[in-house]
$ cat final-v8.cif   # mmCIF, C-alpha atoms
data_protein
#
loop_
_atom_site.group_PDB
_atom_site.id
_atom_site.type_symbol
_atom_site.label_atom_id
_atom_site.label_comp_id
_atom_site.auth_asym_id
_atom_site.auth_seq_id
_atom_site.Cartn_x
_atom_site.Cartn_y
_atom_site.Cartn_z
ATOM 1 C CA MET I 1136 108.368 -61.229 166.260
ATOM 2 C CA ASN I 1137 111.541 -62.452 164.543
ATOM 3 C CA THR I 1138 113.356 -60.709 161.705
ATOM 4 C CA VAL I 1139 112.188 -63.077 158.963
ATOM 5 C CA LYS I 1140 108.545 -62.643 159.914
ATOM 6 C CA THR I 1141 108.928 -58.872 160.152
ATOM 7 C CA VAL I 1142 110.602 -58.556 156.752
ATOM 8 C CA SER I 1143 108.156 -60.934 155.067
ATOM 9 C CA GLY I 1144 105.235 -59.050 156.615
ATOM 10 C CA THR I 1145 106.642 -55.758 155.328
ATOM 11 C CA ILE I 1146 107.107 -57.067 151.788
ATOM 12 C CA LEU I 1147 103.675 -58.659 151.866
ATOM 13 C CA ALA I 1148 102.122 -55.264 152.608
ATOM 14 C CA VAL I 1149 103.526 -53.902 149.339
ATOM 15 C CA VAL I 1150 102.230 -56.971 147.522
ATOM 16 C CA ILE I 1151 98.756 -56.431 148.977
ATOM 17 C CA MET I 1152 98.690 -52.837 147.733
ATOM 18 C CA ILE I 1153 99.766 -53.776 144.209
ATOM 19 C CA VAL I 1154 97.620 -56.895 143.866
ATOM 20 C CA SER I 1155 94.487 -55.258 145.271
ATOM 21 C CA SER I 1156 94.865 -52.352 142.844
ATOM 22 C CA ILE I 1157 95.410 -54.628 139.836
ATOM 23 C CA LEU I 1158 92.671 -57.071 140.795
ATOM 24 C CA SER I 1159 90.132 -54.313 141.449
ATOM 25 C CA SER I 1160 91.091 -52.665 138.152
ATOM 26 C CA ILE I 1161 90.487 -55.889 136.227
ATOM 27 C CA ILE I 1162 87.133 -56.572 137.897
ATOM 28 C CA SER I 1163 85.894 -52.989 137.540
ATOM 29 C CA GLY I 1164 86.894 -52.999 133.876
ATOM 30 C CA LEU I 1165 84.552 -55.854 133.014
ATOM 31 C CA PRO I 1166 81.340 -53.745 133.097
ATOM 32 C CA VAL I 1167 82.785 -51.649 130.254
ATOM 33 C CA LEU I 1168 82.042 -54.632 127.999
ATOM 34 C CA LEU I 1169 78.377 -54.110 128.877
ATOM 35 C CA ASN I 1170 78.600 -50.414 127.944
ATOM 36 C CA VAL I 1171 78.541 -49.272 131.564
ATOM 37 C CA PRO I 1172 79.842 -45.657 131.741
ATOM 38 C CA MET I 1173 83.530 -45.327 132.546
ATOM 39 C CA TRP I 1174 82.872 -43.116 135.558
ATOM 40 C CA VAL I 1175 80.806 -45.892 137.154
ATOM 41 C CA CYS I 1176 83.644 -48.351 136.609
ATOM 42 C CA ILE I 1177 86.130 -45.956 138.195
ATOM 43 C CA ILE I 1178 83.976 -45.654 141.308
ATOM 44 C CA LEU I 1179 83.760 -49.445 141.436
ATOM 45 C CA TRP I 1180 87.557 -49.632 141.094
ATOM 46 C CA GLY I 1181 88.061 -47.431 144.128
ATOM 47 C CA VAL I 1182 85.528 -49.283 146.258
ATOM 48 C CA LEU I 1183 86.945 -52.700 145.343
ATOM 49 C CA HIS I 1184 90.535 -51.594 145.951
ATOM 50 C CA LEU I 1185 89.619 -50.412 149.429
ATOM 51 C CA VAL I 1186 87.560 -53.489 150.314
ATOM 52 C CA ILE I 1187 90.039 -56.046 148.957
ATOM 53 C CA ALA I 1188 93.039 -54.413 150.647
ATOM 54 C CA LEU I 1189 91.345 -54.039 154.042
ATOM 55 C CA LEU I 1190 90.030 -57.610 153.945
ATOM 56 C CA ALA I 1191 93.528 -58.851 153.107
ATOM 57 C CA VAL I 1192 94.976 -56.895 156.030
ATOM 58 C CA LYS I 1193 92.370 -58.290 158.411
ATOM 59 C CA LEU I 1194 92.910 -61.877 157.283
ATOM 60 C CA ILE I 1195 96.686 -61.856 156.888
ATOM 61 C CA TYR I 1196 97.757 -59.646 159.782
ATOM 62 C CA GLY I 1197 94.789 -60.046 162.106
ATOM 63 C CA LYS I 1198 94.392 -63.803 161.706
ATOM 64 C CA GLY I 1199 97.754 -64.899 160.324
ATOM 65 C CA PHE I 1200 100.213 -62.631 162.147
ATOM 66 C CA LYS I 1201 97.941 -62.328 165.202
ATOM 67 C CA CYS I 1202 98.320 -58.529 165.263
ATOM 68 C CA GLN I 1203 95.960 -56.516 167.416
ATOM 69 C CA ALA I 1204 94.317 -53.488 165.789
ATOM 70 C CA GLU I 1205 96.308 -51.164 168.079
ATOM 71 C CA GLU I 1206 99.594 -52.728 166.975
ATOM 72 C CA ILE I 1207 99.046 -51.813 163.344
ATOM 73 C CA GLY I 1208 97.454 -48.415 163.940
ATOM 74 C CA MET I 1209 93.895 -49.452 163.115
ATOM 75 C CA ALA I 1210 92.233 -48.981 166.484
ATOM 76 C CA LYS I 1211 89.056 -46.916 166.361
ATOM 77 C CA GLY I 1212 89.408 -43.287 167.349
ATOM 78 C CA ALA I 1213 88.288 -39.787 166.476
ATOM 79 C CA VAL I 1214 90.272 -37.637 164.077
ATOM 80 C CA ARG I 1215 91.890 -34.754 165.960
ATOM 81 C CA PRO I 1216 90.840 -31.217 164.837
ATOM 82 C CA GLY I 1217 94.446 -30.079 164.508
ATOM 83 C CA TYR I 1218 95.095 -32.602 161.754
ATOM 84 C CA ILE I 1219 91.967 -31.558 159.893
ATOM 85 C CA ILE I 1220 93.343 -28.007 159.896
ATOM 86 C CA LEU I 1221 96.751 -29.291 158.758
ATOM 87 C CA ALA I 1222 95.056 -31.339 156.036
ATOM 88 C CA VAL I 1223 93.661 -28.143 154.521
ATOM 89 C CA LEU I 1224 96.565 -25.785 155.201
ATOM 90 C CA LEU I 1225 99.301 -27.956 153.658
ATOM 91 C CA PRO I 1226 97.916 -28.231 150.094
ATOM 92 C CA VAL I 1227 96.538 -24.687 150.207
ATOM 93 C CA ALA I 1228 99.994 -23.386 151.159
ATOM 94 C CA VAL I 1229 101.727 -25.437 148.441
ATOM 95 C CA CYS I 1230 99.224 -24.558 145.708
ATOM 96 C CA GLY I 1231 99.193 -20.949 146.862
ATOM 97 C CA SER I 1232 102.980 -20.784 146.726
ATOM 98 C CA PHE I 1233 102.961 -21.976 143.118
ATOM 99 C CA ILE I 1234 100.349 -19.399 142.164
ATOM 100 C CA LEU I 1235 101.925 -16.508 144.098
ATOM 101 C CA PHE I 1236 105.620 -17.130 143.509
ATOM 102 C CA THR I 1237 105.840 -18.667 140.038
ATOM 103 C CA HIS I 1238 104.944 -17.142 136.707
ATOM 104 C CA GLY I 1239 102.078 -18.945 135.024
ATOM 105 C CA ARG I 1240 98.481 -18.887 133.872
ATOM 106 C CA PHE I 1241 95.236 -20.794 134.408
ATOM 107 C CA VAL I 1242 94.056 -22.894 131.476
ATOM 108 C CA PRO I 1243 90.580 -24.520 131.521
ATOM 109 C CA GLY I 1244 90.565 -28.215 130.744
ATOM 110 C CA GLY I 1245 87.737 -28.013 128.235
ATOM 111 C CA LEU I 1246 86.270 -31.303 129.460
ATOM 112 C CA ASP I 1247 82.935 -32.533 128.160
ATOM 113 C CA THR I 1248 80.257 -33.848 130.544
ATOM 114 C CA GLU I 1249 81.472 -37.455 130.398
ATOM 115 C CA ALA I 1250 85.068 -36.415 131.064
ATOM 116 C CA LYS I 1251 83.984 -34.279 134.026
ATOM 117 C CA LEU I 1252 82.090 -37.220 135.507
ATOM 118 C CA THR I 1253 85.191 -39.379 135.040
ATOM 119 C CA VAL I 1254 87.367 -36.869 136.898
ATOM 120 C CA LEU I 1255 84.857 -36.594 139.735
ATOM 121 C CA ALA I 1256 84.498 -40.386 139.922
ATOM 122 C CA SER I 1257 88.268 -40.732 140.169
ATOM 123 C CA LEU I 1258 88.084 -38.859 143.482
ATOM 124 C CA VAL I 1259 86.710 -42.064 145.020
ATOM 125 C CA TYR I 1260 89.973 -43.801 144.164
ATOM 126 C CA ASN I 1261 92.421 -40.924 144.577
ATOM 127 C CA CYS I 1262 90.925 -39.306 147.665
ATOM 128 C CA ILE I 1263 89.398 -42.237 149.551
ATOM 129 C CA ALA I 1264 90.685 -45.652 148.496
ATOM 130 C CA ALA I 1265 94.334 -44.869 147.776
ATOM 131 C CA PRO I 1266 94.999 -42.711 150.877
ATOM 132 C CA VAL I 1267 93.318 -45.143 153.277
ATOM 133 C CA VAL I 1268 94.995 -48.217 151.786
ATOM 134 C CA GLU I 1269 98.427 -46.573 151.720
ATOM 135 C CA GLU I 1270 98.166 -45.289 155.280
ATOM 136 C CA VAL I 1271 96.939 -48.654 156.590
ATOM 137 C CA LEU I 1272 99.726 -50.553 154.846
ATOM 138 C CA PHE I 1273 102.676 -48.152 155.179
ATOM 139 C CA ARG I 1274 101.950 -46.261 158.405
ATOM 140 C CA GLY I 1275 99.875 -49.025 159.973
ATOM 141 C CA VAL I 1276 101.057 -52.521 159.114
ATOM 142 C CA MET I 1277 104.679 -51.811 158.151
ATOM 143 C CA PHE I 1278 105.177 -49.237 160.874
ATOM 144 C CA GLY I 1279 103.732 -51.554 163.520
ATOM 145 C CA LEU I 1280 105.793 -54.578 162.494
ATOM 146 C CA LEU I 1281 109.067 -52.666 162.236
ATOM 147 C CA LYS I 1282 108.527 -50.762 165.492
ATOM 148 C CA LYS I 1283 107.831 -53.984 167.338
ATOM 149 C CA ARG I 1284 110.987 -55.637 165.962
ATOM 150 C CA TRP I 1285 113.319 -52.604 166.038
ATOM 151 C CA ASN I 1286 112.309 -49.003 166.873
ATOM 152 C CA LYS I 1287 110.262 -45.989 165.747
ATOM 153 C CA VAL I 1288 113.066 -44.539 163.610
ATOM 154 C CA VAL I 1289 113.352 -47.695 161.507
ATOM 155 C CA ALA I 1290 109.560 -47.947 161.443
ATOM 156 C CA ALA I 1291 109.272 -44.395 160.101
ATOM 157 C CA VAL I 1292 112.120 -44.409 157.564
ATOM 158 C CA VAL I 1293 111.893 -47.833 155.900
ATOM 159 C CA PRO I 1294 108.189 -47.645 154.928
ATOM 160 C CA SER I 1295 108.730 -44.060 153.754
ATOM 161 C CA VAL I 1296 111.486 -45.125 151.352
ATOM 162 C CA LEU I 1297 109.326 -48.012 150.098
ATOM 163 C CA PHE I 1298 106.389 -45.610 149.765
ATOM 164 C CA ALA I 1299 108.483 -43.353 147.539
ATOM 165 C CA ALA I 1300 109.863 -46.262 145.498
ATOM 166 C CA VAL I 1301 106.402 -47.693 144.786
ATOM 167 C CA HIS I 1302 105.269 -44.352 143.364
ATOM 168 C CA ILE I 1303 108.009 -44.470 140.722
ATOM 169 C CA THR I 1304 105.678 -46.807 138.817
ATOM 170 C CA GLU I 1305 103.242 -43.896 138.427
ATOM 171 C CA MET I 1306 105.706 -41.733 136.517
ATOM 172 C CA GLU I 1307 104.621 -41.050 132.949
ATOM 173 C CA GLN I 1308 108.165 -41.477 131.686
ATOM 174 C CA PHE I 1309 111.365 -42.750 133.249
ATOM 175 C CA ASP I 1310 114.130 -40.271 134.022
ATOM 176 C CA ALA I 1311 116.948 -40.935 136.484
ATOM 177 C CA GLY I 1312 116.906 -37.401 137.884
ATOM 178 C CA ASP I 1313 113.141 -37.457 138.356
ATOM 179 C CA CYS I 1314 113.399 -40.839 140.097
ATOM 180 C CA VAL I 1315 115.945 -39.489 142.561
ATOM 181 C CA ARG I 1316 113.781 -36.426 143.148
ATOM 182 C CA LEU I 1317 110.736 -38.618 143.765
ATOM 183 C CA LEU I 1318 112.658 -40.824 146.180
ATOM 184 C CA ILE I 1319 113.643 -37.729 148.176
ATOM 185 C CA THR I 1320 110.237 -36.035 148.191
ATOM 186 C CA GLY I 1321 108.325 -39.303 148.582
ATOM 187 C CA THR I 1322 110.444 -40.296 151.560
ATOM 188 C CA ALA I 1323 109.949 -36.834 153.069
ATOM 189 C CA VAL I 1324 106.158 -36.956 152.825
ATOM 190 C CA GLY I 1325 106.219 -40.547 154.093
ATOM 191 C CA ILE I 1326 108.121 -39.446 157.187
ATOM 192 C CA MET I 1327 105.594 -36.639 157.664
ATOM 193 C CA PHE I 1328 102.761 -39.185 157.651
ATOM 194 C CA SER I 1329 104.785 -41.436 159.964
ATOM 195 C CA LEU I 1330 105.129 -38.600 162.456
ATOM 196 C CA ILE I 1331 101.349 -38.244 162.464
ATOM 197 C CA ALA I 1332 101.066 -41.972 163.219
ATOM 198 C CA ILE I 1333 103.618 -41.648 166.028
ATOM 199 C CA LYS I 1334 101.845 -38.663 167.571
ATOM 200 C CA THR I 1335 98.331 -40.096 167.336
ATOM 201 C CA GLY I 1336 98.880 -43.846 167.603
ATOM 202 C CA SER I 1337 96.695 -44.559 164.567
ATOM 203 C CA VAL I 1338 96.525 -44.216 160.794
ATOM 204 C CA TRP I 1339 93.228 -42.314 160.596
ATOM 205 C CA ASN I 1340 94.542 -38.772 161.139
ATOM 206 C CA GLY I 1341 97.200 -39.362 158.498
ATOM 207 C CA ALA I 1342 94.568 -40.785 156.159
ATOM 208 C CA VAL I 1343 92.586 -37.531 156.412
ATOM 209 C CA VAL I 1344 95.680 -35.411 155.685
ATOM 210 C CA HIS I 1345 96.582 -37.746 152.807
ATOM 211 C CA ALA I 1346 93.051 -37.664 151.383
ATOM 212 C CA VAL I 1347 92.784 -33.871 151.356
ATOM 213 C CA TRP I 1348 96.284 -33.594 149.884
ATOM 214 C CA ASN I 1349 95.256 -35.892 147.027
ATOM 215 C CA LEU I 1350 92.060 -33.891 146.530
ATOM 216 C CA PHE I 1351 94.100 -30.752 145.881
ATOM 217 C CA MET I 1352 97.156 -32.255 144.183
ATOM 218 C CA ALA I 1353 95.993 -35.403 142.379
ATOM 219 C CA GLY I 1354 92.215 -35.190 142.155
ATOM 220 C CA GLY I 1355 92.012 -33.537 138.763
ATOM 221 C CA LEU I 1356 90.167 -30.450 139.984
ATOM 222 C CA LEU I 1357 93.368 -28.393 139.701
ATOM 223 C CA THR I 1358 96.617 -29.527 138.120
ATOM 224 C CA ILE I 1359 99.916 -27.675 138.437
ATOM 225 C CA ALA I 1360 102.151 -28.517 135.487
ATOM 226 C CA PRO I 1361 104.292 -26.991 132.701
ATOM 227 C CA VAL I 1362 101.696 -28.015 130.083
ATOM 228 C CA PRO I 1363 97.864 -28.035 130.171
ATOM 229 C CA SER I 1364 96.325 -31.269 131.421
ATOM 230 C CA GLN I 1365 93.624 -32.967 129.383
ATOM 231 C CA GLU I 1366 92.364 -34.762 132.506
ATOM 232 C CA SER I 1367 91.755 -31.808 134.795
ATOM 233 C CA PHE I 1368 89.139 -29.107 135.227
ATOM 234 C CA VAL I 1369 91.829 -26.403 135.377
ATOM 235 C CA THR I 1370 95.597 -26.379 134.947
ATOM 236 C CA TYR I 1371 97.906 -23.776 136.409
ATOM 237 C CA VAL I 1372 100.553 -23.827 133.667
ATOM 238 C CA ILE I 1373 103.986 -22.922 135.058
ATOM 239 C CA ASP I 1374 106.214 -21.017 132.672
ATOM 240 C CA SER I 1375 109.352 -22.881 133.683
ATOM 241 C CA GLY I 1376 111.424 -25.704 132.261
ATOM 242 C CA SER I 1377 113.062 -26.487 135.579
ATOM 243 C CA SER I 1378 112.101 -29.966 136.785
ATOM 244 C CA VAL I 1379 113.149 -28.914 140.289
ATOM 245 C CA LEU I 1380 110.280 -26.428 140.247
ATOM 246 C CA THR I 1381 107.740 -28.422 138.231
ATOM 247 C CA GLY I 1382 108.513 -31.807 139.798
ATOM 248 C CA GLY I 1383 109.479 -33.386 136.497
ATOM 249 C CA ALA I 1384 107.754 -36.567 135.329
ATOM 250 C CA PHE I 1385 105.885 -37.127 138.597
ATOM 251 C CA GLY I 1386 104.481 -33.618 138.785
ATOM 252 C CA ALA I 1387 104.130 -30.876 141.385
ATOM 253 C CA GLU I 1388 104.044 -33.285 144.333
ATOM 254 C CA SER I 1389 107.723 -33.959 143.639
ATOM 255 C CA SER I 1390 108.723 -30.294 143.339
ATOM 256 C CA VAL I 1391 110.931 -28.308 145.681
ATOM 257 C CA ILE I 1392 107.891 -26.261 146.755
ATOM 258 C CA ALA I 1393 106.067 -29.416 147.830
ATOM 259 C CA LEU I 1394 109.235 -30.672 149.568
ATOM 260 C CA LEU I 1395 109.408 -27.473 151.615
ATOM 261 C CA GLY I 1396 105.747 -27.988 152.512
ATOM 262 C CA TYR I 1397 106.410 -31.554 153.699
ATOM 263 C CA ALA I 1398 109.397 -30.415 155.750
ATOM 264 C CA ALA I 1399 107.490 -27.540 157.377
ATOM 265 C CA ALA I 1400 104.553 -29.809 158.230
ATOM 266 C CA ALA I 1401 106.872 -32.495 159.623
ATOM 267 C CA LEU I 1402 108.611 -29.974 161.887
ATOM 268 C CA LEU I 1403 105.255 -28.640 163.067
ATOM 269 C CA ILE I 1404 104.044 -32.156 163.875
ATOM 270 C CA ALA I 1405 107.285 -33.178 165.548
ATOM 271 C CA PHE I 1406 107.648 -30.155 167.830
ATOM 272 C CA ALA I 1407 104.173 -28.650 168.196
ATOM 273 C CA ALA I 1408 101.700 -31.524 168.081
ATOM 274 C CA LYS I 1409 100.996 -33.177 171.419
ATOM 275 C CA PRO I 1410 100.940 -36.979 171.443
ATOM 276 C CA SER I 1411 97.612 -38.610 172.220
ATOM 277 C CA ALA I 1412 97.292 -40.663 175.386
ATOM 278 C CA LYS I 1413 97.269 -43.806 173.245
ATOM 279 C CA ALA I 1414 100.478 -42.804 171.439
ATOM 280 C CA ALA I 1415 102.222 -41.762 174.660
ATOM 281 C CA ALA I 1416 101.498 -45.151 176.186
ATOM 282 C CA ALA I 1417 102.849 -47.053 173.171
#
$ encode --input "final-v8.cif" --output "structure tokens"
Amino acid sequence: MNTVKTVSGTILAVVIMIVSSILSSIISGLPVLLNVPMWVCIILWGVLHLVIALLAVKLIYGKGFKCQAEEIGMAKGAVRPGYIILAVLLPVAVCGSFILFTHGRFVPGGLDTEAKLTVLASLVYNCIAAPVVEEVLFRGVMFGLLKKRWNKVVAAVVPSVLFAAVHITEMEQFDAGDCVRLLITGTAVGIMFSLIAIKTGSVWNGAVVHAVWNLFMAGGLLTIAPVPSQESFVTYVIDSGSSVLTGGAFGAESSVIALLGYAAAALLIAFAAKPSAKAAAA
């Protein structure tokens, strides 16, 4: 595969993620006009985002780029138990570190029934659709294209930087320092997910780790922030004005505690996890 095709395929993966999210959001918003409950529309948003993105990948990369499922990390395979354990331990360790080592308090969200249903419905998007789509596109498609054209280092680093950059759009307010922090932490967690793809030869183990991480850190069941969240069941309110500790505008996922968690997990994967037979042969 030549350089032009590799670069265009990489950029196209980002476009697929953005367009599928916007398109699914527009379509799922239409039932609101018919007084369909918001939580139903949110579930529909997640399902459509997943379906549209995966169909686009199959058509564009499977048919257009002639990529085999194995080449873009989408071959069928069982999730390895070690990564299920990691999926739970990583967010538990990060959340536990905030609770044990920072001064703060738990504040109930005070959500009514409709708001609770909305938060629970959002888990379909945050903990299923988004993790699967991101892993398929960043650690599957991009990783596969870049590895085939160059090497595993390029394939791990470039998508990780793009992964971090794309998430800048999710910041509630723009701040240069917070953007730099997000680029660092986002790249770090992207490399962690890339290492899982390298070790296992597929995106599915990383998708499980990503999904459970989002359940703890972005699902709305528990929020770690300097102010109470109105969109969460419970907030652990940190008594600190340091954006290094709180993560700034992006939140706890961009904090130094989370960064240490990503680094520890990446080292564990790199030096302790055994590569699967499929990954070893790649």
$ resolve_selection --input "final-v8.cif" --expression "the PyMOL selection byres ((chain I and resi 1364) around 12)" --output "VMD selection string"
chain I and resid 1241 to 1246 1254 1353 1355 to 1363 1365 to 1373 1386
$ atom_distance --input "final-v8.cif" --atom1 "atom CA of I:Phe1233" --atom2 "atom CA of I:Val1379"
12.6 Å
$ residues_around --input "final-v8.cif" --residues "stretch 1166-1170 of chain I" --least-positions-apart "6" --cutoff "12 Å" --atoms "only C-alpha atoms" --output "ChimeraX atom specification"
/I:1160,1176-1180
$ atom_distance --input "final-v8.cif" --atom1 "atom CA of I:Gly1197" --atom2 "atom CA of I:Thr1138"
18.6 Å
$ resolve_selection --input "final-v8.cif" --expression "the PyMOL selection byres ((chain I and resi 1284) around 9)" --output "list in words"
Met1136, Asn1137, Thr1138, Thr1141, Gly1279, Leu1280, Leu1281, Lys1282, Lys1283, Trp1285 and Asn1286 of chain I
$ closest_residue --input "final-v8.cif" --among "I:Ala1290, I:Tyr1218, I:Val1267, I:Phe1309" --to "I:Ala1407" --atoms "only C-alpha atoms"
I:Tyr1218
$ atom_distance --input "final-v8.cif" --atom1 "atom CA of I:Ala1342" --atom2 "atom CA of I:Glu1270"
5.8 Å
$ residues_near_point --input "final-v8.cif" --point "(98.3, -55.5, 161.1)" --cutoff "7 Å" --atoms "all atoms listed in the file" --output "list of chain:residue names"
I:Val1192, I:Tyr1196, I:Gly1197, I:Cys1202, I:Gln1203, I:Ala1204, I:Glu1206, I:Ile1207, I:Gly1275, I:Val1276
$ write_last_selection --input "final-v8.cif" --atoms "C-alpha atoms" --output "PDB file, in the frame of the given file"
ATOM      1  CA  VAL I1192      94.976 -56.895 156.030  1.00  0.00           C
ATOM      2  CA  TYR I1196      97.757 -59.646 159.782  1.00  0.00           C
ATOM      3  CA  GLY I1197      94.789 -60.046 162.106  1.00  0.00           C
ATOM      4  CA  CYS I1202      98.320 -58.529 165.263  1.00  0.00           C
ATOM      5  CA  GLN I1203      95.960 -56.516 167.416  1.00  0.00           C
ATOM      6  CA  ALA I1204      94.317 -53.488 165.789  1.00  0.00           C
ATOM      7  CA  GLU I1206      99.594 -52.728 166.975  1.00  0.00           C
ATOM      8  CA  ILE I1207      99.046 -51.813 163.344  1.00  0.00           C
ATOM      9  CA  GLY I1275      99.875 -49.025 159.973  1.00  0.00           C
ATOM     10  CA  VAL I1276     101.057 -52.521 159.114  1.00  0.00           C
TER      11      VAL I1276
END
$ resolve_selection --input "final-v8.cif" --expression "the PyMOL selection byres ((chain I and resi 1320-1333) around 7)" --output "list in words"
Arg1274, Ala1291, Val1292, Ser1295, Val1296, Phe1298, Ala1299, Arg1316, Leu1317, Leu1318, Ile1319, Lys1334, Thr1335, Gly1336, Ser1337, Val1338, Asn1340, Gly1341, Ser1389, Leu1394, Tyr1397, Ala1398, Ala1400, Ala1401, Ile1404, Ala1405 and Ala1414 of chain I
$ residues_near_point --input "final-v8.cif" --point "(94.2, -61.1, 152.6)" --cutoff "12 Å" --atoms "all atoms listed in the file" --output "MDAnalysis selection string"
chainID I and resid 1144 1147:1148 1150:1152 1154:1155 1186:1200
$ closest_residue --input "final-v8.cif" --among "I:Gly1164, I:Gly1382, I:Pro1410, I:Pro1266" --to "I:Leu1185" --atoms "only C-alpha atoms"
I:Pro1266
$ residues_around --input "final-v8.cif" --residues "I:Leu1255" --least-positions-apart "2" --cutoff "9 Å" --atoms "only C-alpha atoms" --output "JSON, numbers by chain"
{"I": [1174, 1250, 1251, 1252, 1253, 1257, 1258, 1259, 1354, 1355, 1356]}
$ closest_residue --input "final-v8.cif" --among "I:Gly1208, I:Pro1172, I:Gly1217, I:Gly1231" --to "I:Phe1273" --atoms "only C-alpha atoms"
I:Gly1208
$ closest_residue --input "final-v8.cif" --among "I:Val1182, I:Phe1278, I:Arg1240, I:Val1288" --to "I:Ser1163" --atoms "only C-alpha atoms"
I:Val1182
$ decode --input "final-v8.cif" --residues "stretch 1276-1311 of chain I" --atoms "C-alpha atoms" --output "mmCIF file, in the first residue's frame"
data_model
loop_
_atom_site.group_PDB
_atom_site.id
_atom_site.type_symbol
_atom_site.label_atom_id
_atom_site.label_comp_id
_atom_site.auth_asym_id
_atom_site.auth_seq_id
_atom_site.Cartn_x
_atom_site.Cartn_y
_atom_site.Cartn_z
ATOM 1 C CA VAL I 1276 -8.035 0.434 10.752
ATOM 2 C CA MET I 1277 -5.391 3.112 11.372
ATOM 3 C CA PHE I 1278 -3.040 0.755 13.161
ATOM 4 C CA GLY I 1279 -3.325 -1.844 10.401
ATOM 5 C CA LEU I 1280 -2.760 0.611 7.554
ATOM 6 C CA LEU I 1281 0.205 2.332 9.195
ATOM 7 C CA LYS I 1282 1.839 -0.931 10.292
ATOM 8 C CA LYS I 1283 1.576 -2.319 6.788
ATOM 9 C CA ARG I 1284 3.142 0.812 5.262
ATOM 10 C CA TRP I 1285 5.726 1.562 7.983
ATOM 11 C CA ASN I 1286 6.050 -0.246 11.346
ATOM 12 C CA LYS I 1287 4.372 -0.931 14.702
ATOM 13 C CA VAL I 1288 5.875 2.140 16.388
ATOM 14 C CA VAL I 1289 4.378 4.515 13.822
ATOM 15 C CA ALA I 1290 1.151 2.510 13.908
ATOM 16 C CA ALA I 1291 0.927 2.890 17.690
ATOM 17 C CA VAL I 1292 1.962 6.543 18.055
ATOM 18 C CA VAL I 1293 0.217 8.317 15.165
ATOM 19 C CA PRO I 1294 -3.323 7.035 15.888
ATOM 20 C CA SER I 1295 -2.765 7.731 19.594
ATOM 21 C CA VAL I 1296 -1.947 11.387 18.917
ATOM 22 C CA LEU I 1297 -4.974 11.674 16.608
ATOM 23 C CA PHE I 1298 -7.099 9.945 19.254
ATOM 24 C CA ALA I 1299 -6.069 12.569 21.800
ATOM 25 C CA ALA I 1300 -6.575 15.459 19.367
ATOM 26 C CA VAL I 1301 -10.104 14.353 18.442
ATOM 27 C CA HIS I 1302 -11.113 14.365 22.110
ATOM 28 C CA ILE I 1303 -10.243 18.060 22.408
ATOM 29 C CA THR I 1304 -13.640 18.698 20.802
ATOM 30 C CA GLU I 1305 -15.276 17.211 23.912
ATOM 31 C CA MET I 1306 -13.794 19.796 26.261
ATOM 32 C CA GLU I 1307 -16.417 22.009 27.874
ATOM 33 C CA GLN I 1308 -14.223 25.069 27.474
ATOM 34 C CA PHE I 1309 -11.012 25.760 25.600
ATOM 35 C CA ASP I 1310 -7.816 26.266 27.582
ATOM 36 C CA ALA I 1311 -4.329 25.915 26.111
#
